[in-house]
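Engineer: Here you go, run.csv (CSV, C-alpha atoms and all ligand atoms):
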```
chain,number,residue,atom,x,y,z
R,141,MET,CA,88.3,174.8,349.6
R,142,LEU,CA,85.7,172.7,351.4
R,143,TRP,CA,82.8,175.2,351.3
R,144,ARG,CA,82.1,178.8,350.3
R,145,ASP,CA,79.1,181.1,350.4
R,146,ASP,CA,79.6,183.5,347.5
R,147,THR,CA,76.9,185.8,348.8
R,148,SER,CA,78.4,186.4,352.3
R,149,GLY,CA,82.1,185.5,351.5
R,150,ALA,CA,82.1,182.9,354.4
R,151,SER,CA,84.2,179.9,353.8
R,152,ILE,CA,85.8,176.7,355.2
R,153,ALA,CA,89.1,175.5,353.8
R,154,LEU,CA,92.0,173.2,354.5
R,155,VAL,CA,95.2,175.2,354.1
R,156,ARG,CA,98.6,173.5,353.9
R,157,PHE,CA,101.9,175.4,354.3
R,158,GLN,CA,105.2,174.0,353.4
R,159,PRO,CA,108.0,174.5,355.9
R,160,GLY,CA,109.1,178.2,355.8
R,161,ALA,CA,106.0,179.4,353.9
R,162,GLY,CA,103.6,181.9,355.5
R,163,ILE,CA,101.9,185.2,355.1
R,164,PRO,CA,104.5,188.0,354.6
R,165,SER,CA,102.8,191.0,356.1
R,166,ARG,CA,100.9,192.3,359.1
R,167,HIS,CA,97.2,192.5,358.1
R,168,SER,CA,93.6,192.2,359.3
R,169,HIS,CA,90.5,190.4,358.0
R,170,ALA,CA,87.1,191.7,357.1
R,171,SER,CA,85.4,189.0,359.2
R,172,ASN,CA,86.1,186.6,362.1
R,173,GLN,CA,88.7,184.0,361.2
R,174,PHE,CA,88.9,180.7,363.1
R,175,MET,CA,91.8,178.3,362.8
R,176,PHE,CA,92.2,174.8,364.0
R,177,CYS,CA,95.7,173.2,363.6
R,178,LEU,CA,95.4,169.7,362.4
R,179,ARG,CA,99.2,169.1,362.3
R,180,GLY,CA,102.4,171.0,362.2
R,181,ARG,CA,103.7,174.2,363.8
R,182,TYR,CA,102.6,177.7,362.6
R,183,THR,CA,103.9,180.8,364.2
R,184,TYR,CA,102.5,184.3,364.3
R,185,VAL,CA,105.8,186.2,364.7
R,186,PRO,CA,106.0,189.1,367.1
R,187,PRO,CA,104.3,191.3,367.9
R,188,THR,CA,101.4,188.7,367.7
R,189,GLY,CA,103.7,186.1,369.2
R,190,LEU,CA,101.5,183.0,369.0
R,191,THR,CA,102.3,179.5,367.9
R,192,LEU,CA,99.7,177.0,366.8
R,193,THR,CA,100.5,173.3,367.2
R,194,GLU,CA,98.3,170.2,366.7
R,195,SER,CA,94.9,170.7,368.2
R,196,SER,CA,95.4,174.5,368.8
R,197,PHE,CA,92.4,176.7,368.1
R,198,TYR,CA,92.7,180.4,367.3
R,199,TRP,CA,90.0,183.0,366.9
R,200,ASN,CA,91.2,186.0,365.1
R,201,PRO,CA,88.6,188.7,365.6
R,202,LYS,CA,87.4,190.8,362.7
R,203,GLY,CA,89.7,193.8,362.1
R,204,SER,CA,92.5,192.7,364.5
R,205,LEU,CA,96.0,193.1,363.2
R,206,HIS,CA,98.2,190.0,363.1
R,207,GLY,CA,101.1,188.4,361.4
R,208,PRO,CA,103.3,188.0,359.5
R,209,THR,CA,103.3,184.2,359.9
R,210,ARG,CA,105.6,181.3,359.2
R,211,ALA,CA,105.2,177.6,359.1
R,212,ASP,CA,108.0,176.1,361.2
R,213,GLU,CA,107.2,172.7,359.7
R,214,GLU,CA,104.6,171.4,357.2
R,215,THR,CA,101.3,172.6,358.7
R,216,VAL,CA,97.7,171.9,357.9
R,217,LEU,CA,95.1,174.3,359.2
R,218,LEU,CA,91.3,174.1,359.1
R,219,GLU,CA,90.4,177.8,358.4
R,220,ILE,CA,86.9,179.2,358.7
R,221,TYR,CA,85.8,182.7,357.9
R,222,ASP,CA,82.3,184.0,358.8
R,223,GLY,CA,82.4,186.6,356.0
R,224,PRO,CA,84.8,188.0,353.4
R,225,HIS,CA,88.5,187.4,354.0
R,226,TYR,CA,90.1,190.8,353.4
R,227,PRO,CA,88.9,194.4,353.3
R,228,THR,CA,91.0,195.0,350.2
R,229,GLN,CA,93.2,192.6,348.2
R,230,PRO,CA,96.5,192.1,350.0
R,231,ASP,CA,99.6,192.9,348.0
R,232,TRP,CA,100.9,189.3,348.4
R,233,TYR,CA,98.1,188.0,346.1
R,234,SER,CA,98.3,188.5,342.4
R,235,SER,CA,94.8,187.2,341.8
R,236,SER,CA,91.5,188.4,343.4
R,237,ALA,CA,90.3,184.8,343.1
R,238,ASP,CA,93.0,183.7,345.5
R,239,ALA,CA,92.4,186.5,348.0
R,240,ARG,CA,88.7,185.8,348.5
R,301,FE,FE,95.4,186.5,358.6
```
What does the file become when written as structure tokens?

Structural biologist:
Amino acid sequence: MLWRDDTSGASIALVRFQPGAGIPSRHSHASNQFMFCLRGRYTYVPPTGLTLTESSFYWNPKGSLHGPTRADEETVLLEIYDGPHYPTQPDWYSSSADAR
């Protein structure tokens, strides 16, 4: 985590996925999410059907459904949220601290 505003829930983080790791379910966010791929290859499997590669930018609008996702190789993403990450804690997190 690089920066977080606990009042608004906004944050900036570097996220690293090992090959084969990802987000297991289709979901949406409670704010706008911005991703910049620093390295690797990160796929939003169909129906989203988008692959981020080095220097790709992705804006995921608040409330839009996307995922699941899979890192095709080790991937590092700069991830920015302009508010809280999720409307409710997703079932793939066991800790509310990890889901914020
Ligand atoms: Fe997401």

Engineer: If we count only C-alpha atoms and set the cut-off at 10 Å, which residues sit around segment 173-177 of chain R, ignoring sequence neighbours fewer than 3 positions away in its own chain? Please answer as a PyMOL selection string.

Structural biologist: chain R and resi 150-155+168-170+180-182+192-203+215-225

Engineer: Quick one: everything within 12 Å of segment 231-234 of chain R, counting only C-alpha atoms, minus sequence neighbours fewer than 5 positions away in the same chain. Send it as a PDB file with C-alpha atoms, in the coordinates of the input.

Structural biologist:
```pdb
ATOM      1  CA  GLY R 162     103.600 181.900 355.500  1.00  0.00           C
ATOM      2  CA  ILE R 163     101.900 185.200 355.100  1.00  0.00           C
ATOM      3  CA  PRO R 164     104.500 188.000 354.600  1.00  0.00           C
ATOM      4  CA  SER R 165     102.800 191.000 356.100  1.00  0.00           C
ATOM      5  CA  ARG R 166     100.900 192.300 359.100  1.00  0.00           C
ATOM      6  CA  HIS R 167      97.200 192.500 358.100  1.00  0.00           C
ATOM      7  CA  PRO R 208     103.300 188.000 359.500  1.00  0.00           C
ATOM      8  CA  TYR R 226      90.100 190.800 353.400  1.00  0.00           C
ATOM      9  CA  ALA R 239      92.400 186.500 348.000  1.00  0.00           C
ATOM     10  CA  ARG R 240      88.700 185.800 348.500  1.00  0.00           C
TER      11      ARG R 240
END
```

Engineer: Counting only C-alpha atoms and all ligand atoms, figure out which residue out of R:Gly160, R:Gly189, R:Gly149, R:Pro230 gets nearest to ligand FE 301 (chain R).

Structural biologist: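 Residue with the minimum atom-to-atom distance to ligand FE 301 (chain R): R:Pro230.
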
Engineer: Would you mind reading off the distance between atom CA of Thr188 of chain R and atom CA of Gln229 of chain R, one decimal, in Å?

Structural biologist: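 Between these atoms lies a distance of 21.5 Å.
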
Engineer: Which one of R:Thr228, R:Thr191, R:Tyr184, R:Glu213 sits closest to ligand FE 301 (chain R) if you count all atoms listed in the file?

Structural biologist: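 Checking each of R:Thr228, R:Thr191, R:Tyr184, R:Glu213 against ligand FE 301 (chain R), counting all atoms listed in the file, the winner is R:Tyr184.
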
Engineer: May I ask for the distance between atom CA of Arg156 of chain R and atom CA of Gly207 of chain R, given in Å to one decimal place?

Structural biologist: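 Distance between the two atoms: 16.9 Å.
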
Engineer: Could you work out how far atom CA of Pro227 of chain R lies from atom CA of Thr147 of chain R, giving the answer in Å with one decimal?

Structural biologist: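 Atom CA of Thr147 of chain R sits 15.4 Å away from atom CA of Pro227 of chain R.
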